[in-house]
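**Student:** Pasting target_38.txt here (compact mmCIF, C-alpha atoms):
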```txt
# COMPACT_ATOMS: atom_id res chain seq x y z
CA MET A 4 0.00 0.00 0.00
CA LEU A 5 1.01 3.59 -0.57
CA ARG A 6 1.48 5.72 2.54
CA ARG A 7 0.53 9.37 2.35
CA LEU A 8 3.24 11.73 3.62
CA ASP A 9 1.79 15.08 2.55
CA GLN A 10 -0.97 16.54 0.42
CA SER A 11 0.77 15.65 -2.85
CA LEU A 12 3.30 13.12 -1.61
CA TRP A 13 3.05 9.35 -1.07
CA ALA A 14 5.53 6.54 -0.60
CA ALA A 15 5.63 2.86 -1.44
CA GLU A 16 7.58 0.99 1.23
CA ASP A 17 9.05 -2.50 1.34
CA THR A 18 11.94 -4.55 2.68
CA LEU A 19 15.02 -5.03 0.52
CA LYS A 20 16.86 -8.33 1.03
CA VAL A 21 20.61 -8.15 0.53
CA GLY A 22 22.14 -11.49 1.50
CA ILE A 23 21.17 -12.08 5.12
CA LEU A 24 20.37 -8.39 5.66
CA ARG A 25 16.94 -6.75 5.57
CA PHE A 26 16.77 -3.03 4.80
CA PRO A 27 13.69 -0.82 4.72
CA VAL A 28 13.37 0.81 1.32
CA ARG A 29 11.09 3.60 0.12
CA SER A 30 9.91 4.87 -3.26
CA PRO A 31 8.34 8.37 -3.16
CA VAL A 32 5.52 9.34 -5.50
CA LEU A 33 5.08 13.09 -5.97
CA ARG A 34 2.13 14.73 -7.71
CA LEU A 35 2.96 17.96 -9.53
CA GLU A 36 0.57 20.89 -9.69
CA ASP A 37 -0.54 19.89 -13.20
CA GLY A 38 -1.57 16.46 -11.89
CA GLY A 39 1.32 14.48 -13.35
CA LEU A 40 3.31 12.11 -11.15
CA LEU A 41 7.03 11.67 -10.53
CA LEU A 42 8.01 8.18 -9.40
CA PHE A 43 11.36 8.19 -7.62
CA SER A 44 13.53 5.12 -7.12
CA PRO A 45 10.85 2.53 -7.99
CA LEU A 46 10.89 -0.58 -5.85
CA PRO A 47 11.62 -3.98 -7.39
CA SER A 48 8.09 -4.85 -6.23
CA VAL A 49 6.55 -1.79 -7.93
CA GLU A 50 3.88 -3.92 -9.62
CA ARG A 51 2.22 -4.42 -6.20
CA VAL A 52 1.32 -0.72 -6.00
CA ALA A 53 0.99 0.03 -9.72
CA ASP A 54 -2.81 0.31 -9.60
CA GLU A 55 -2.66 2.61 -6.57
CA ILE A 56 -0.18 4.82 -8.38
CA ARG A 57 -2.34 4.94 -11.51
CA ALA A 58 -5.29 6.01 -9.35
CA LEU A 59 -3.33 9.12 -8.32
CA GLY A 60 -2.66 10.29 -11.87
CA GLU A 61 -0.44 9.77 -14.89
CA VAL A 62 3.20 8.87 -14.24
CA ARG A 63 5.13 11.45 -16.26
CA ALA A 64 8.65 10.53 -15.12
CA ILE A 65 10.49 7.65 -13.48
CA VAL A 66 13.68 8.76 -11.73
CA ALA A 67 16.59 6.55 -10.66
CA PRO A 68 18.47 8.94 -8.33
CA ASN A 69 21.85 7.18 -8.17
CA VAL A 70 23.73 4.24 -9.65
CA LEU A 71 22.53 1.86 -6.92
CA HIS A 72 18.77 2.49 -7.07
CA HIS A 73 17.95 0.77 -10.35
CA LEU A 74 16.43 -2.61 -9.47
CA GLY A 75 12.86 -1.44 -10.05
CA LEU A 76 13.62 0.72 -13.05
CA ALA A 77 12.89 -1.77 -15.84
CA PRO A 78 9.67 -3.09 -14.21
CA ALA A 79 8.43 0.49 -13.69
CA ALA A 80 9.22 1.41 -17.28
CA ARG A 81 7.12 -1.56 -18.47
CA LEU A 82 4.24 -0.73 -16.13
CA PHE A 83 4.18 2.97 -17.09
CA PRO A 84 5.24 2.97 -20.76
CA GLY A 85 4.32 6.61 -21.32
CA ALA A 86 6.69 7.90 -18.65
CA ARG A 87 10.07 9.48 -19.33
CA VAL A 88 12.98 7.74 -17.63
CA TYR A 89 15.88 9.59 -15.99
CA GLY A 90 19.03 8.39 -14.26
CA PRO A 91 22.77 8.96 -13.87
CA ARG A 92 24.89 8.35 -16.92
CA GLY A 93 26.47 5.27 -15.31
CA LEU A 94 23.14 3.44 -15.26
CA ARG A 95 23.01 3.01 -19.02
CA GLU A 96 25.44 0.10 -18.84
CA LYS A 97 23.69 -1.43 -15.81
CA CYS A 98 20.25 -1.21 -17.41
CA PRO A 99 20.63 -2.02 -21.12
CA ASP A 100 16.94 -2.96 -21.33
CA VAL A 101 15.81 0.54 -20.26
CA THR A 102 15.49 3.47 -22.67
CA PHE A 103 16.54 6.65 -20.88
CA THR A 104 15.01 9.98 -21.77
CA GLY A 105 17.56 12.13 -19.99
CA VAL A 106 20.62 12.14 -17.76
CA LEU A 107 20.31 13.48 -14.22
CA ASP A 108 22.62 16.31 -13.19
CA GLY A 109 22.41 19.45 -11.09
CA VAL A 110 19.89 21.17 -13.37
CA PRO A 111 16.17 20.38 -12.84
CA ASP A 112 14.34 19.11 -15.89
CA PRO A 113 11.66 21.50 -17.24
CA LEU A 114 9.10 18.82 -16.40
CA TRP A 115 9.51 19.54 -12.67
CA SER A 116 11.68 22.67 -12.39
CA ALA A 117 8.74 24.91 -11.39
CA GLU A 118 8.35 23.00 -8.13
CA ILE A 119 11.54 21.03 -7.52
CA ASP A 120 15.20 21.96 -7.05
CA GLN A 121 18.00 19.43 -7.25
CA VAL A 122 21.72 19.10 -6.72
CA ALA A 123 24.16 16.49 -7.94
CA VAL A 124 26.06 15.41 -4.84
CA GLY A 125 29.68 16.39 -5.39
CA GLY A 126 32.74 14.53 -4.26
CA MET A 127 31.19 11.02 -4.34
CA PRO A 128 31.55 9.80 -7.94
CA ARG A 129 30.99 6.13 -7.08
CA LEU A 130 27.52 6.99 -5.78
CA ASP A 131 26.61 9.57 -8.43
CA GLU A 132 23.55 10.68 -6.46
CA VAL A 133 21.13 13.50 -7.16
CA VAL A 134 18.98 14.81 -4.29
CA PHE A 135 15.74 16.72 -4.76
CA PHE A 136 13.87 19.43 -2.86
CA HIS A 137 10.12 19.89 -3.27
CA ARG A 138 9.54 23.54 -2.50
CA PRO A 139 5.77 23.47 -1.77
CA SER A 140 6.12 20.81 0.97
CA LYS A 141 9.66 21.77 2.06
CA THR A 142 10.68 18.15 1.57
CA LEU A 143 14.22 16.98 0.81
CA PHE A 144 14.69 13.56 -0.82
CA VAL A 145 17.96 11.72 -0.21
CA TRP A 146 18.86 8.17 -1.11
CA ASP A 147 22.14 6.52 -0.06
CA LEU A 148 23.81 9.74 1.03
CA CYS A 149 22.07 9.39 4.42
CA PHE A 150 20.32 6.56 6.26
CA HIS A 151 17.86 6.84 9.15
CA ILE A 152 17.28 3.34 10.46
CA ALA A 153 16.20 4.18 13.99
CA GLN A 154 15.46 0.56 14.92
CA SER A 155 15.25 -2.91 13.41
CA GLU A 156 13.84 -6.18 14.70
CA HIS A 157 16.25 -8.09 12.47
CA LEU A 158 19.43 -8.92 14.42
CA PRO A 159 21.89 -9.24 11.48
CA THR A 160 20.68 -5.89 10.13
CA ARG A 161 21.06 -4.22 13.54
CA LEU A 162 24.59 -5.55 13.91
CA PHE A 163 25.56 -4.54 10.38
CA MET A 164 24.17 -1.04 10.73
CA ARG A 165 25.94 -0.57 14.06
CA LEU A 166 29.20 -1.59 12.39
CA ASN A 167 28.29 0.73 9.53
CA ASP A 168 27.92 3.56 12.10
CA ALA A 169 24.40 4.28 10.87
CA TYR A 170 22.04 2.75 13.40
CA GLY A 171 19.71 4.83 15.54
CA ARG A 172 20.47 8.19 13.96
CA PHE A 173 20.21 10.14 10.73
CA GLY A 174 23.32 10.64 8.63
CA PRO A 175 25.92 9.16 6.27
CA SER A 176 26.93 5.58 6.92
CA ARG A 177 30.52 4.46 7.24
CA LEU A 178 30.20 2.99 3.74
CA ALA A 179 28.95 6.31 2.35
CA ARG A 180 31.84 8.11 4.04
CA SER A 181 34.28 5.72 2.36
CA MET A 182 32.99 7.04 -0.98
CA MET A 183 33.77 10.67 -0.13
CA ARG A 184 36.65 11.66 -2.40
CA ASP A 185 36.37 15.45 -2.44
CA ARG A 186 35.04 16.89 0.81
CA ALA A 187 35.07 20.46 -0.48
CA ALA A 188 32.77 19.47 -3.35
CA LEU A 189 30.55 17.53 -0.98
CA ARG A 190 30.44 20.47 1.43
CA ALA A 191 29.25 22.75 -1.38
CA SER A 192 26.43 20.31 -2.16
CA VAL A 193 25.36 20.03 1.46
CA GLU A 194 25.40 23.81 1.81
CA ARG A 195 23.00 24.00 -1.15
CA MET A 196 20.67 21.62 0.65
CA LEU A 197 20.89 23.62 3.87
CA ALA A 198 20.04 26.81 1.97
CA TRP A 199 16.76 25.20 0.94
CA ALA A 200 15.88 24.93 4.67
CA PRO A 201 14.06 21.58 4.43
CA GLU A 202 11.52 20.76 7.11
CA ARG A 203 10.97 17.11 6.14
CA ILE A 204 13.61 14.67 4.89
CA VAL A 205 12.45 11.55 3.07
CA VAL A 206 15.18 8.91 3.02
CA ALA A 207 15.23 5.79 0.91
CA HIS A 208 16.28 3.67 3.89
CA GLY A 209 14.75 4.24 7.31
CA ASP A 210 12.39 6.62 9.03
CA VAL A 211 11.22 9.90 7.54
CA VAL A 212 12.52 12.98 9.37
CA GLU A 213 9.19 14.76 9.76
CA ARG A 214 10.38 17.99 11.42
CA GLY A 215 13.60 19.92 11.83
CA GLY A 216 15.15 18.61 8.64
CA ARG A 217 17.66 21.42 8.24
CA ALA A 218 19.03 20.95 11.77
CA ALA A 219 19.20 17.17 11.29
CA LEU A 220 21.10 17.58 8.03
CA GLN A 221 23.54 20.09 9.47
CA GLY A 222 24.18 17.97 12.56
CA ALA A 223 24.78 14.84 10.49
CA PHE A 224 27.46 16.45 8.32
CA GLU A 225 29.06 18.32 11.17
CA ARG A 226 29.42 14.98 12.94
CA VAL A 227 31.39 13.51 10.02
CA ARG A 228 33.38 16.75 9.63
CA VAL A 229 32.14 17.74 6.22
CA LEU A 230 30.84 21.07 7.52
```
Spell out the structure here as structure tokens.

**Tutor:**
Amino acid sequence: MLRRLDQSLWAAEDTLKVGILRFPVRSPVLRLEDGGLLLFSPLPSVERVADEIRALGEVRAIVAPNVLHHLGLAPAARLFPGARVYGPRGLREKCPDVTFTGVLDGVPDPLWSAEIDQVAVGGMPRLDEVVFFHRPSKTLFVWDLCFHIAQSEHLPTRLFMRLNDAYGRFGPSRLARSMMRDRAALRASVERMLAWAPERIVVAHGDVVERGGRAALQGAFERVRVL
């Protein structure tokens, strides 16, 4: 089922199995003012919520926000054949069965630029992530740049996330920090996000930060000495 997060924002949520680990995973669905939908980071199980998504409106764009969030891309493209498909340049080799409309970068596509800002996260080329900010709802969308798994009933996942220094709090994991190659470039990207003053932060993995998003973001990157 889709979960409503705001007036024009929903999320499909599931559990992603990676070996013995179990991660919460989220796919936001955003309705633009003209009624069209943006489907971000579609879940591998997207067919389970396809009818619910269609009931909200026409899917205009399917967005894979980094080189890791692609498992549901081909199924979503088949389910919503009229949608444009966007992703980082590096996904073209990973997804040869998907026809991409455009390449994500730091410039919002005209399809959503009236309502959404975005920044290509600098200094982490292996992740190649683009984050988005929905101005009307003051919502920031991040993917693998930050986790927010506050708790887990699955012991192997709890242990792994503790070792990954990303359990019980919002922020970059140890693995994400290992991908940071240019901290000055990353700092510039985070400062852009802070300038948007987000209230809510929707993460791909973990709990939504419902309030105080800007403070949470600043604290997370101060803690890892990016700011």

**Student:** Please report the interatomic distance between atom CA of Glu194 of chain A and atom CA of Leu8 of chain A in Å with one decimal.

**Tutor:**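 According to the coordinates, atom CA of Glu194 of chain A and atom CA of Leu8 of chain A are separated by 25.3 Å.
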
**Student:** Restricting the calculation to all atoms listed in the file, which member of A:Ser48, A:Ser30, A:Asp108, A:Ala188 is positioned closest to Met127 of chain A?

**Tutor:**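 With all atoms listed in the file as the atom set, the closest residue is A:Ala188.
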
**Student:** Between A:Ala169, A:Ala86, A:Val70, A:Ile56, which is the closest to Arg7 of chain A once you count all atoms listed in the file?

**Tutor:**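 Nearest to Arg7 of chain A: A:Ile56.
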
**Student:** Choose the residue, out of A:Gly75, A:Phe144, A:Leu82, A:Trp115, that has the smallest atom-to-atom separation from Pro31 of chain A; count all atoms listed in the file.

**Tutor:** A:Phe144

**Student:** Could you give me, as a list of chain:residue names, the residues that have an atom at most 8 Å away from the point (-4.1, 10.1, -10.4) in the coordinates of the file, using all atoms listed in the file?

**Tutor:**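 Residues with an atom close enough to that point: A:Gly38, A:Gly39, A:Leu40, A:Ile56, A:Arg57, A:Ala58, A:Leu59, A:Gly60, A:Glu61.
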
**Student:** Using Å and a single decimal, report how far atom CA of Glu16 of chain A sits from atom CA of Ile119 of chain A.

**Tutor:**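 We find that atom CA of Ile119 of chain A and atom CA of Glu16 of chain A lie 22.2 Å from each other.
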
**Student:** Atom CA of Ile65 of chain A and atom CA of Pro84 of chain A, how far apart in Å?

**Tutor:**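 Between atom CA of Pro84 of chain A and atom CA of Ile65 of chain A the gap is 10.1 Å.
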
**Student:** Which residues come within 9 Å of Asp168 of chain A, counting only C-alpha atoms, excluding same-chain residues fewer than 5 positions away, as a PDB file with C-alpha atoms, in the frame of the given file?

**Tutor:**
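Result file follows (selection.pdb):
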```pdb
ATOM      1  CA  PHE A 163      25.560  -4.540  10.380  1.00  0.00           C
ATOM      2  CA  PRO A 175      25.920   9.160   6.270  1.00  0.00           C
ATOM      3  CA  SER A 176      26.930   5.580   6.920  1.00  0.00           C
ATOM      4  CA  ARG A 177      30.520   4.460   7.240  1.00  0.00           C
ATOM      5  CA  LEU A 178      30.200   2.990   3.740  1.00  0.00           C
TER       6      LEU A 178
END
```

**Student:** Using only C-alpha atoms, which residue out of A:Ala117, A:Cys98, A:Ala64, A:Ala14 lies closest to Ala77 of chain A?

**Tutor:** A:Cys98

**Student:** Could you work out an axis-aligned bounding box for all listed atoms of segment 115-126 of chain A, with 4 Å added on each of the six sides, and give its centre and edge lengths in Å to one decimal, as AutoDock Vina command-line options?

**Tutor:**
```
--center_x 20.5 --center_y 19.7 --center_z -8.5 --size_x 32.4 --size_y 18.4 --size_z 16.4
```

**Student:** Output requested as a PDB file, in the frame of the given file - segment 55-66 of chain A, filled out with all heavy atoms.

**Tutor:**
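After the write, part-v2.pdb holds the following:
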```pdb
ATOM      1  N   GLU A  55      -2.502   1.477  -7.480  1.00  0.00           N
ATOM      2  CA  GLU A  55      -2.660   2.610  -6.570  1.00  0.00           C
ATOM      3  C   GLU A  55      -2.004   3.863  -7.145  1.00  0.00           C
ATOM      4  O   GLU A  55      -2.537   4.971  -7.015  1.00  0.00           O
ATOM      5  CB  GLU A  55      -2.051   2.295  -5.209  1.00  0.00           C
ATOM      6  CG  GLU A  55      -2.791   1.255  -4.401  1.00  0.00           C
ATOM      7  CD  GLU A  55      -2.139   1.035  -3.057  1.00  0.00           C
ATOM      8  OE1 GLU A  55      -2.280   1.899  -2.174  1.00  0.00           O
ATOM      9  OE2 GLU A  55      -1.460  -0.002  -2.892  1.00  0.00           O
ATOM     10  N   ILE A  56      -0.866   3.682  -7.770  1.00  0.00           N
ATOM     11  CA  ILE A  56      -0.180   4.820  -8.380  1.00  0.00           C
ATOM     12  C   ILE A  56      -1.000   5.370  -9.535  1.00  0.00           C
ATOM     13  O   ILE A  56      -1.191   6.590  -9.660  1.00  0.00           O
ATOM     14  CB  ILE A  56       1.232   4.410  -8.847  1.00  0.00           C
ATOM     15  CG1 ILE A  56       2.118   4.083  -7.638  1.00  0.00           C
ATOM     16  CG2 ILE A  56       1.866   5.528  -9.684  1.00  0.00           C
ATOM     17  CD1 ILE A  56       3.469   3.509  -7.995  1.00  0.00           C
ATOM     18  N   ARG A  57      -1.526   4.498 -10.375  1.00  0.00           N
ATOM     19  CA  ARG A  57      -2.340   4.940 -11.510  1.00  0.00           C
ATOM     20  C   ARG A  57      -3.571   5.715 -11.034  1.00  0.00           C
ATOM     21  O   ARG A  57      -4.026   6.643 -11.708  1.00  0.00           O
ATOM     22  CB  ARG A  57      -2.766   3.749 -12.358  1.00  0.00           C
ATOM     23  CG  ARG A  57      -1.623   3.055 -13.109  1.00  0.00           C
ATOM     24  CD  ARG A  57      -2.153   2.019 -14.074  1.00  0.00           C
ATOM     25  NE  ARG A  57      -1.075   1.246 -14.680  1.00  0.00           N
ATOM     26  CZ  ARG A  57      -0.712   0.038 -14.278  1.00  0.00           C
ATOM     27  NH1 ARG A  57      -1.374  -0.556 -13.288  1.00  0.00           N
ATOM     28  NH2 ARG A  57       0.287  -0.597 -14.865  1.00  0.00           N
ATOM     29  N   ALA A  58      -4.109   5.333  -9.876  1.00  0.00           N
ATOM     30  CA  ALA A  58      -5.290   6.010  -9.350  1.00  0.00           C
ATOM     31  C   ALA A  58      -4.995   7.447  -8.937  1.00  0.00           C
ATOM     32  O   ALA A  58      -5.911   8.277  -8.845  1.00  0.00           O
ATOM     33  CB  ALA A  58      -5.844   5.233  -8.151  1.00  0.00           C
ATOM     34  N   LEU A  59      -3.717   7.759  -8.718  1.00  0.00           N
ATOM     35  CA  LEU A  59      -3.330   9.120  -8.320  1.00  0.00           C
ATOM     36  C   LEU A  59      -3.152  10.042  -9.520  1.00  0.00           C
ATOM     37  O   LEU A  59      -3.222  11.261  -9.386  1.00  0.00           O
ATOM     38  CB  LEU A  59      -2.014   9.082  -7.537  1.00  0.00           C
ATOM     39  CG  LEU A  59      -2.013   8.317  -6.214  1.00  0.00           C
ATOM     40  CD1 LEU A  59      -0.604   8.298  -5.633  1.00  0.00           C
ATOM     41  CD2 LEU A  59      -2.995   8.932  -5.233  1.00  0.00           C
ATOM     42  N   GLY A  60      -2.895   9.478 -10.698  1.00  0.00           N
ATOM     43  CA  GLY A  60      -2.660  10.290 -11.870  1.00  0.00           C
ATOM     44  C   GLY A  60      -1.748   9.587 -12.861  1.00  0.00           C
ATOM     45  O   GLY A  60      -1.431   8.401 -12.710  1.00  0.00           O
ATOM     46  N   GLU A  61      -1.315  10.315 -13.852  1.00  0.00           N
ATOM     47  CA  GLU A  61      -0.440   9.770 -14.890  1.00  0.00           C
ATOM     48  C   GLU A  61       1.023   9.907 -14.479  1.00  0.00           C
ATOM     49  O   GLU A  61       1.471  10.995 -14.109  1.00  0.00           O
ATOM     50  CB  GLU A  61      -0.660  10.514 -16.206  1.00  0.00           C
ATOM     51  CG  GLU A  61       0.238  10.036 -17.338  1.00  0.00           C
ATOM     52  CD  GLU A  61       0.152  10.929 -18.561  1.00  0.00           C
ATOM     53  OE1 GLU A  61      -0.588  11.942 -18.500  1.00  0.00           O
ATOM     54  OE2 GLU A  61       0.840  10.631 -19.558  1.00  0.00           O
ATOM     55  N   VAL A  62       1.765   8.817 -14.538  1.00  0.00           N
ATOM     56  CA  VAL A  62       3.200   8.870 -14.240  1.00  0.00           C
ATOM     57  C   VAL A  62       3.905   9.522 -15.421  1.00  0.00           C
ATOM     58  O   VAL A  62       3.953   8.966 -16.521  1.00  0.00           O
ATOM     59  CB  VAL A  62       3.773   7.466 -13.965  1.00  0.00           C
ATOM     60  CG1 VAL A  62       5.279   7.557 -13.731  1.00  0.00           C
ATOM     61  CG2 VAL A  62       3.089   6.831 -12.763  1.00  0.00           C
ATOM     62  N   ARG A  63       4.438  10.714 -15.198  1.00  0.00           N
ATOM     63  CA  ARG A  63       5.130  11.450 -16.260  1.00  0.00           C
ATOM     64  C   ARG A  63       6.614  11.106 -16.326  1.00  0.00           C
ATOM     65  O   ARG A  63       7.231  11.183 -17.389  1.00  0.00           O
ATOM     66  CB  ARG A  63       4.977  12.949 -16.020  1.00  0.00           C
ATOM     67  CG  ARG A  63       3.528  13.420 -15.970  1.00  0.00           C
ATOM     68  CD  ARG A  63       2.961  13.696 -17.346  1.00  0.00           C
ATOM     69  NE  ARG A  63       1.548  14.052 -17.269  1.00  0.00           N
ATOM     70  CZ  ARG A  63       1.107  15.256 -16.895  1.00  0.00           C
ATOM     71  NH1 ARG A  63       1.966  16.219 -16.586  1.00  0.00           N
ATOM     72  NH2 ARG A  63      -0.188  15.498 -16.846  1.00  0.00           N
ATOM     73  N   ALA A  64       7.209  10.796 -15.147  1.00  0.00           N
ATOM     74  CA  ALA A  64       8.650  10.530 -15.120  1.00  0.00           C
ATOM     75  C   ALA A  64       8.979   9.495 -14.070  1.00  0.00           C
ATOM     76  O   ALA A  64       8.372   9.461 -12.994  1.00  0.00           O
ATOM     77  CB  ALA A  64       9.427  11.814 -14.855  1.00  0.00           C
ATOM     78  N   ILE A  65       9.938   8.645 -14.398  1.00  0.00           N
ATOM     79  CA  ILE A  65      10.490   7.650 -13.480  1.00  0.00           C
ATOM     80  C   ILE A  65      11.954   8.029 -13.283  1.00  0.00           C
ATOM     81  O   ILE A  65      12.706   8.167 -14.247  1.00  0.00           O
ATOM     82  CB  ILE A  65      10.378   6.230 -14.054  1.00  0.00           C
ATOM     83  CG1 ILE A  65       8.914   5.882 -14.345  1.00  0.00           C
ATOM     84  CG2 ILE A  65      10.997   5.212 -13.112  1.00  0.00           C
ATOM     85  CD1 ILE A  65       8.742   4.648 -15.207  1.00  0.00           C
ATOM     86  N   VAL A  66      12.357   8.213 -12.022  1.00  0.00           N
ATOM     87  CA  VAL A  66      13.680   8.760 -11.730  1.00  0.00           C
ATOM     88  C   VAL A  66      14.484   7.772 -10.891  1.00  0.00           C
ATOM     89  O   VAL A  66      14.076   7.411  -9.778  1.00  0.00           O
ATOM     90  CB  VAL A  66      13.563  10.101 -10.973  1.00  0.00           C
ATOM     91  CG1 VAL A  66      14.949  10.651 -10.651  1.00  0.00           C
ATOM     92  CG2 VAL A  66      12.764  11.103 -11.789  1.00  0.00           C
TER      93      VAL A  66
END
```
